file model_9.cif (mmCIF, C-alpha atoms)
data_input
#
loop_
_atom_site.label_atom_id
_atom_site.label_comp_id
_atom_site.auth_asym_id
_atom_site.auth_seq_id
_atom_site.Cartn_x
_atom_site.Cartn_y
_atom_site.Cartn_z
CA MET X 1 22.91 35.61 -38.69
CA THR X 2 22.10 33.65 -35.50
CA SER X 3 24.40 34.25 -32.58
CA PRO X 4 25.57 31.36 -30.33
CA THR X 5 23.39 32.72 -27.54
CA ASP X 6 20.26 32.21 -29.65
CA ASP X 7 20.52 28.39 -29.57
CA PRO X 8 17.06 27.36 -28.26
CA SER X 9 18.01 23.81 -27.17
CA PRO X 10 17.99 23.63 -23.32
CA LYS X 11 20.79 21.12 -23.03
CA LEU X 12 21.53 21.77 -19.38
CA PRO X 13 17.90 21.62 -18.15
CA ARG X 14 17.26 18.44 -20.16
CA GLY X 15 20.31 16.74 -18.67
CA TRP X 16 19.32 17.89 -15.21
CA LEU X 17 15.81 16.48 -15.68
CA ARG X 18 17.19 13.12 -16.85
CA ALA X 19 19.54 12.96 -13.88
CA THR X 20 16.71 13.79 -11.49
CA VAL X 21 14.48 11.04 -12.90
CA VAL X 22 17.26 8.45 -12.76
CA SER X 23 18.17 9.46 -9.21
CA THR X 24 14.55 9.28 -8.10
CA VAL X 25 14.04 5.84 -9.64
CA ALA X 26 17.25 4.60 -8.05
CA PHE X 27 16.24 6.02 -4.68
CA VAL X 28 12.81 4.36 -4.86
CA PHE X 29 14.35 1.05 -5.90
CA VAL X 30 16.91 1.08 -3.09
CA GLY X 31 14.25 2.09 -0.58
CA ALA X 32 11.92 -0.68 -1.75
CA ALA X 33 14.72 -3.23 -1.60
CA ALA X 34 15.71 -2.14 1.91
CA GLY X 35 12.08 -2.29 2.98
CA PHE X 36 11.72 -5.79 1.55
CA VAL X 37 14.80 -6.93 3.49
CA ALA X 38 13.32 -5.43 6.66
CA PHE X 39 10.03 -7.20 5.92
CA LEU X 40 11.82 -10.54 5.48
CA SER X 41 13.65 -10.04 8.79
CA GLN X 42 10.26 -10.17 10.55
CA LEU X 43 9.44 -13.63 9.20
CA ARG X 44 10.14 -16.54 11.49
CA GLY X 45 11.67 -19.65 9.99
CA ALA X 46 10.44 -21.98 12.74
CA GLU X 47 7.35 -22.21 14.89
CA ILE X 48 7.96 -20.99 18.43
CA ALA X 49 5.49 -21.58 21.25
CA PRO X 50 4.00 -18.34 22.65
CA ASP X 51 5.92 -16.99 25.63
CA ARG X 52 2.70 -16.37 27.54
CA LYS X 53 -0.94 -17.37 27.69
CA ALA X 54 -3.74 -15.06 26.58
CA ASP X 55 -7.45 -14.65 27.15
CA GLY X 56 -8.31 -15.80 23.63
CA ILE X 57 -6.86 -17.15 20.41
CA VAL X 58 -7.70 -15.91 16.90
CA VAL X 59 -6.73 -17.83 13.78
CA LEU X 60 -7.02 -16.36 10.29
CA THR X 61 -8.05 -18.86 7.64
CA GLY X 62 -6.31 -19.04 4.29
CA GLY X 63 -3.16 -21.08 4.88
CA SER X 64 -2.34 -24.71 5.50
CA SER X 65 -2.26 -25.96 9.12
CA ARG X 66 -3.25 -22.59 10.62
CA VAL X 67 -6.46 -23.95 12.16
CA SER X 68 -4.89 -27.19 13.38
CA ASP X 69 -2.06 -25.27 15.04
CA ALA X 70 -4.54 -22.92 16.69
CA MET X 71 -6.54 -25.89 17.98
CA GLU X 72 -3.36 -27.33 19.48
CA LEU X 73 -2.73 -24.04 21.28
CA LEU X 74 -6.29 -24.11 22.62
CA ALA X 75 -5.90 -27.71 23.76
CA ALA X 76 -2.64 -26.79 25.50
CA GLY X 77 -4.41 -24.09 27.50
CA TYR X 78 -2.89 -21.05 25.85
CA GLY X 79 -6.32 -19.41 25.62
CA LYS X 80 -9.86 -19.80 26.96
CA ARG X 81 -11.59 -19.71 23.58
CA LEU X 82 -10.69 -19.77 19.90
CA LEU X 83 -12.11 -17.63 17.10
CA ILE X 84 -11.70 -19.03 13.59
CA SER X 85 -12.01 -15.92 11.42
CA GLY X 86 -12.80 -15.96 7.71
CA VAL X 87 -14.72 -19.25 7.59
CA HIS X 88 -16.62 -19.86 4.36
CA PRO X 89 -20.39 -19.25 4.81
CA THR X 90 -21.24 -22.85 3.89
CA SER X 91 -18.76 -24.39 6.35
CA THR X 92 -20.02 -25.62 9.72
CA ALA X 93 -18.37 -26.59 12.96
CA SER X 94 -18.93 -30.26 12.11
CA ASP X 95 -17.12 -29.76 8.78
CA ILE X 96 -14.10 -28.42 10.62
CA SER X 97 -14.34 -31.14 13.27
CA ARG X 98 -14.03 -33.85 10.64
CA THR X 99 -10.66 -32.46 9.58
CA LEU X 100 -9.48 -32.29 13.21
CA PRO X 101 -10.80 -35.50 14.83
CA GLU X 102 -8.40 -35.30 17.78
CA ASN X 103 -9.85 -31.92 18.84
CA GLN X 104 -13.57 -32.45 18.21
CA SER X 105 -14.49 -31.90 21.86
CA PHE X 106 -13.13 -28.35 21.75
CA MET X 107 -15.29 -27.47 18.72
CA THR X 108 -18.46 -27.79 20.80
CA CYS X 109 -17.27 -26.02 23.92
CA CYS X 110 -14.66 -23.44 23.11
CA VAL X 111 -14.63 -22.45 19.43
CA ASP X 112 -16.47 -19.62 17.67
CA LEU X 113 -16.72 -19.19 13.90
CA ASP X 114 -16.58 -15.87 12.06
CA ARG X 115 -18.08 -16.09 8.57
CA THR X 116 -18.12 -12.34 7.95
CA ALA X 117 -14.48 -11.34 7.43
CA LEU X 118 -13.32 -11.19 3.82
CA THR X 119 -9.93 -9.54 4.32
CA THR X 120 -7.22 -9.23 6.94
CA ARG X 121 -8.73 -5.90 7.90
CA GLY X 122 -12.07 -7.65 8.31
CA ASN X 123 -10.43 -10.36 10.43
CA ALA X 124 -9.12 -7.66 12.76
CA GLU X 125 -12.49 -5.93 13.05
CA GLU X 126 -14.33 -9.18 13.78
CA ALA X 127 -11.68 -10.22 16.29
CA ARG X 128 -12.09 -6.87 18.03
CA ARG X 129 -15.85 -7.34 18.32
CA TRP X 130 -15.35 -10.89 19.59
CA ALA X 131 -12.74 -9.83 22.16
CA VAL X 132 -14.86 -6.93 23.42
CA GLY X 133 -17.91 -9.17 23.68
CA ARG X 134 -15.96 -11.73 25.68
CA GLY X 135 -14.12 -9.17 27.78
CA PHE X 136 -10.74 -10.39 26.50
CA LYS X 137 -7.74 -8.12 26.96
CA SER X 138 -5.11 -10.29 25.26
CA LEU X 139 -5.11 -12.43 22.12
CA ILE X 140 -2.80 -14.92 20.47
CA VAL X 141 -2.89 -14.24 16.73
CA VAL X 142 -2.31 -17.29 14.53
CA THR X 143 -1.51 -16.95 10.84
CA SER X 144 1.24 -17.84 8.37
CA ASN X 145 4.68 -16.36 8.95
CA TYR X 146 4.62 -14.33 5.71
CA HIS X 147 1.21 -12.93 6.61
CA MET X 148 1.96 -12.09 10.25
CA PRO X 149 3.48 -8.59 9.73
CA ARG X 150 0.38 -7.33 7.90
CA ALA X 151 -1.95 -9.09 10.34
CA LEU X 152 -0.28 -7.35 13.28
CA VAL X 153 -0.58 -3.98 11.53
CA GLU X 154 -4.32 -4.49 11.12
CA PHE X 155 -4.92 -6.00 14.58
CA SER X 156 -2.86 -3.34 16.37
CA HIS X 157 -4.80 -0.63 14.57
CA ALA X 158 -8.20 -2.21 15.25
CA MET X 159 -7.55 -2.92 18.95
CA PRO X 160 -4.70 -0.76 20.25
CA GLU X 161 -5.53 -1.54 23.88
CA THR X 162 -5.35 -5.32 23.42
CA THR X 163 -2.14 -7.25 24.03
CA LEU X 164 -1.29 -9.28 20.92
CA VAL X 165 0.88 -12.39 21.02
CA PRO X 166 1.91 -13.62 17.54
CA PHE X 167 2.15 -17.31 16.66
CA ALA X 168 3.55 -17.62 13.15
CA VAL X 169 2.74 -20.84 11.30
CA VAL X 170 5.60 -22.07 9.10
CA GLY X 171 4.53 -24.17 6.12
CA ASP X 172 6.29 -27.32 4.99
CA LYS X 173 7.46 -25.71 1.74
CA TRP X 174 9.09 -22.88 3.68
CA ARG X 175 10.99 -25.42 5.78
CA GLU X 176 12.02 -27.63 2.88
CA GLU X 177 13.55 -25.05 0.55
CA PRO X 178 14.92 -21.49 0.86
CA TRP X 179 12.41 -18.93 -0.37
CA TRP X 180 14.88 -17.41 -2.83
CA THR X 181 15.11 -20.71 -4.72
CA SER X 182 11.37 -20.88 -5.38
CA ALA X 183 9.84 -18.51 -7.92
CA SER X 184 6.33 -19.07 -6.55
CA THR X 185 7.40 -18.32 -2.96
CA LEU X 186 9.29 -15.22 -4.06
CA ARG X 187 6.20 -13.96 -5.91
CA LEU X 188 4.10 -14.64 -2.80
CA LEU X 189 6.50 -12.68 -0.61
CA LEU X 190 6.72 -9.74 -3.00
CA PHE X 191 2.93 -9.58 -3.29
CA GLU X 192 2.57 -9.81 0.49
CA TYR X 193 5.19 -7.08 0.95
CA VAL X 194 3.21 -4.74 -1.32
CA LYS X 195 0.03 -5.45 0.67
CA TYR X 196 1.92 -4.92 3.91
CA ILE X 197 3.16 -1.50 2.76
CA ALA X 198 -0.37 -0.60 1.61
CA ALA X 199 -1.77 -1.56 5.01
CA GLU X 200 0.87 0.48 6.83
CA LEU X 201 0.12 3.50 4.66
CA ARG X 202 -3.64 3.13 5.09
CA VAL X 203 -3.58 2.89 8.88
CA ARG X 204 -1.24 5.87 9.13
CA LEU X 205 -3.60 7.94 6.98
CA GLU X 206 -6.54 6.78 9.08
CA ASP X 207 -4.72 8.09 12.15
CA PHE X 208 -5.10 11.51 10.48
CA GLY X 209 -8.77 10.89 9.75
CA ILE X 210 -8.27 9.92 6.08
CA ASP X 211 -9.94 6.64 5.05
CA LEU X 212 -9.08 5.85 1.43
CA SER X 213 -10.24 2.24 1.56
CA PRO X 214 -13.58 1.43 3.24
CA GLU X 215 -13.96 -2.15 4.40
CA VAL X 216 -16.07 -4.57 2.35
CA SER X 217 -18.88 -4.43 4.91
CA GLU X 218 -19.25 -0.72 4.12
CA GLN X 219 -19.65 -1.33 0.39
CA PRO X 220 -22.91 -1.96 -1.51
CA ALA X 221 -24.57 -5.30 -0.81
CA GLY X 222 -24.18 -6.41 -4.43
CA LEU X 223 -20.41 -6.36 -4.05
CA GLN X 224 -20.46 -8.25 -0.76
CA SER X 225 -22.16 -11.25 -2.33
CA ARG X 226 -19.20 -11.95 -4.61
CA ARG X 227 -17.36 -14.01 -2.03
CA PRO X 228 -14.85 -16.56 -3.32
CA ALA X 229 -15.73 -20.23 -3.06
CA THR X 230 -12.95 -20.89 -0.56
CA ALA X 231 -11.94 -19.27 2.69
CA GLN X 232 -10.46 -15.84 2.16
CA ALA X 233 -6.87 -15.81 0.95
CA ASN X 234 -5.00 -13.52 3.32
#

call {"tool": "encode", "arguments": {"input": "model_9.cif", "output": "structure tokens"}}
result
Amino acid sequence: MTSPTDDPSPKLPRGWLRATVVSTVAFVFVGAAAGFVAFLSQLRGAEIAPDRKADGIVVLTGGSSRVSDAMELLAAGYGKRLLISGVHPTSTASDISRTLPENQSFMTCCVDLDRTALTTRGNAEEARRWAVGRGFKSLIVVTSNYHMPRALVEFSHAMPETTLVPFAVVGDKWREEPWWTSASTLRLLLFEYVKYIAAELRVRLEDFGIDLSPEVSEQPAGLQSRRPATAQAN
């Protein structure tokens, strides 16, 4: 006869394991939600002129009106020179000039093109080289509002001694409708939030000498040639 103490079913451990899994999932979900809210709190809903001038201006391609806004800052004297980072290899200064006829004179005197950067991390590295070569100690960083948090993570990590002044570009769609009413905008923000967290994690690991994600320029040449037909989507 089997005694009650011989029952092999570990009811208590199984229930404890289930509770632990549920608690962990709930904790991760709440943490992710809180992080997303904190990420959204960094996004500006309107364009605000920089509160100071800088030595140079860097604009990251990939979003509407970024370059035109950066050119306006240059024309207004907010910086001595402008770096357009992430330009497609086939694009020339004259191509860009045709889209910005009111600022053509600045294209010949005060604008440099970076055709090397493929990612936000690459933008930061190329901007660092450009700033060091020019002797610039401060930069205005121009990119879309949703992209600015990740851009600042990468730029601050690449050039910790450089003063960075953000100028967040706000698209027409962002102004016209709340982000929570647009499925496409919500997807964009969630995807950007994931990339922002990944960038934060990567730079913190790199501070400890751990590089889990080498930049594209460090990868085999065959992989570098697979550049998209348009400017890099940051």

call {"tool": "residues_around", "arguments": {"input": "model_9.cif", "residues": "region 145-151 of chain X", "least_positions_apart": "2", "cutoff": "9 Å", "atoms": "all atoms listed in the file", "output": "ChimeraX atom specification"}}
result
/X:39-40,42-47,60,120-121,123-124,141-143,153-156,166-171,188-189,192-193,195-197,199-200,234

call {"tool": "resolve_selection", "arguments": {"input": "model_9.cif", "expression": "the PyMOL selection byres ((chain X and resi 61) around 10)", "output": "list in words"}}
result
Val58, Val59, Leu60, Gly62, Gly63, Ser64, Ser65, Arg66, Val67, Ile84, Ser85, Gly86, Val87, His88, Ala117, Thr120, Asn123, Val142, Thr143, Ser144, Thr230, Ala231, Gln232, Ala233 and Asn234 of chain X

call {"tool": "atom_distance", "arguments": {"input": "model_9.cif", "atom1": "CA of Trp179 (chain X)", "atom2": "CA of Ile140 (chain X)"}}
result
26.1 Å

call {"tool": "atom_distance", "arguments": {"input": "model_9.cif", "atom1": "CA of Trp180 (chain X)", "atom2": "CA of Arg202 (chain X)"}}
result
28.8 Å

call {"tool": "atom_distance", "arguments": {"input": "model_9.cif", "atom1": "CA of Leu82 (chain X)", "atom2": "CA of Glu161 (chain X)"}}
result
19.4 Å

call {"tool": "closest_residue", "arguments": {"input": "model_9.cif", "among": "X:Trp130, X:Leu100, X:Asp69, X:Arg52", "to": "Arg81 (chain X)", "atoms": "only C-alpha atoms"}}
result
X:Trp130

call {"tool": "closest_residue", "arguments": {"input": "model_9.cif", "among": "X:Leu139, X:Leu83, X:Asp114, X:Ser68", "to": "Arg98 (chain X)", "atoms": "only C-alpha atoms"}}
result
X:Ser68

call {"tool": "build_atoms", "arguments": {"input": "model_9.cif", "residues": "region 163-174 of chain X", "atoms": "all heavy atoms", "output": "short mmCIF file (atom, residue, chain, number, x, y, z; two decimals), in the coordinates of the input"}}
result
data_model
loop_
_atom_site.label_atom_id
_atom_site.label_comp_id
_atom_site.auth_asym_id
_atom_site.auth_seq_id
_atom_site.Cartn_x
_atom_site.Cartn_y
_atom_site.Cartn_z
N THR X 163 -3.47 -6.66 24.15
CA THR X 163 -2.14 -7.25 24.03
C THR X 163 -2.18 -8.37 22.99
O THR X 163 -3.00 -9.29 23.09
CB THR X 163 -1.68 -7.83 25.39
OG1 THR X 163 -1.64 -6.78 26.36
CG2 THR X 163 -0.30 -8.46 25.26
N LEU X 164 -1.31 -8.30 22.00
CA LEU X 164 -1.29 -9.28 20.92
C LEU X 164 -0.03 -10.13 21.01
O LEU X 164 1.08 -9.61 21.13
CB LEU X 164 -1.32 -8.57 19.56
CG LEU X 164 -2.53 -7.65 19.31
CD1 LEU X 164 -2.38 -6.94 17.97
CD2 LEU X 164 -3.83 -8.44 19.35
N VAL X 165 -0.22 -11.44 20.96
CA VAL X 165 0.88 -12.39 21.02
C VAL X 165 0.90 -13.15 19.70
O VAL X 165 -0.01 -13.94 19.43
CB VAL X 165 0.72 -13.37 22.19
CG1 VAL X 165 1.92 -14.32 22.26
CG2 VAL X 165 0.55 -12.62 23.51
N PRO X 166 1.90 -12.95 18.84
CA PRO X 166 1.91 -13.62 17.54
C PRO X 166 2.35 -15.08 17.63
O PRO X 166 3.28 -15.41 18.38
CB PRO X 166 2.90 -12.79 16.73
CG PRO X 166 3.84 -12.24 17.76
CD PRO X 166 3.02 -11.99 18.99
N PHE X 167 1.68 -15.93 16.87
CA PHE X 167 2.15 -17.31 16.66
C PHE X 167 2.18 -17.53 15.16
O PHE X 167 1.14 -17.67 14.51
CB PHE X 167 1.24 -18.34 17.33
CG PHE X 167 1.70 -19.76 17.10
CD1 PHE X 167 2.69 -20.31 17.90
CD2 PHE X 167 1.18 -20.52 16.07
CE1 PHE X 167 3.14 -21.60 17.69
CE2 PHE X 167 1.62 -21.81 15.85
CZ PHE X 167 2.61 -22.36 16.66
N ALA X 168 3.38 -17.52 14.60
CA ALA X 168 3.55 -17.62 13.15
C ALA X 168 3.64 -19.08 12.72
O ALA X 168 4.51 -19.82 13.20
CB ALA X 168 4.81 -16.87 12.72
N VAL X 169 2.75 -19.47 11.82
CA VAL X 169 2.74 -20.84 11.30
C VAL X 169 3.72 -20.91 10.12
O VAL X 169 3.66 -20.09 9.21
CB VAL X 169 1.32 -21.23 10.84
CG1 VAL X 169 1.33 -22.63 10.22
CG2 VAL X 169 0.34 -21.17 12.01
N VAL X 170 4.59 -21.89 10.15
CA VAL X 170 5.60 -22.07 9.10
C VAL X 170 5.22 -23.29 8.27
O VAL X 170 5.17 -24.41 8.79
CB VAL X 170 7.01 -22.24 9.69
CG1 VAL X 170 8.04 -22.39 8.57
CG2 VAL X 170 7.35 -21.05 10.58
N GLY X 171 4.93 -23.07 7.00
CA GLY X 171 4.53 -24.17 6.12
C GLY X 171 5.66 -25.11 5.79
O GLY X 171 6.84 -24.78 5.91
N ASP X 172 5.28 -26.31 5.33
CA ASP X 172 6.29 -27.32 4.99
C ASP X 172 7.21 -26.85 3.87
O ASP X 172 8.42 -27.08 3.91
CB ASP X 172 5.59 -28.62 4.55
CG ASP X 172 4.85 -29.28 5.70
OD1 ASP X 172 5.23 -29.03 6.87
OD2 ASP X 172 3.90 -30.04 5.44
N LYS X 173 6.64 -26.17 2.87
CA LYS X 173 7.46 -25.71 1.74
C LYS X 173 8.51 -24.72 2.20
O LYS X 173 9.64 -24.71 1.70
CB LYS X 173 6.57 -25.09 0.67
CG LYS X 173 7.31 -24.74 -0.61
CD LYS X 173 6.37 -24.26 -1.70
CE LYS X 173 7.13 -23.97 -2.98
NZ LYS X 173 6.24 -23.49 -4.06
N TRP X 174 8.15 -23.87 3.17
CA TRP X 174 9.09 -22.88 3.68
C TRP X 174 10.26 -23.58 4.37
O TRP X 174 11.41 -23.15 4.28
CB TRP X 174 8.37 -21.95 4.66
CG TRP X 174 9.20 -20.80 5.12
CD1 TRP X 174 10.15 -20.80 6.12
CD2 TRP X 174 9.18 -19.47 4.62
NE1 TRP X 174 10.69 -19.56 6.27
CE2 TRP X 174 10.12 -18.72 5.36
CE3 TRP X 174 8.43 -18.83 3.62
CZ2 TRP X 174 10.34 -17.37 5.14
CZ3 TRP X 174 8.66 -17.47 3.39
CH2 TRP X 174 9.61 -16.77 4.14
#
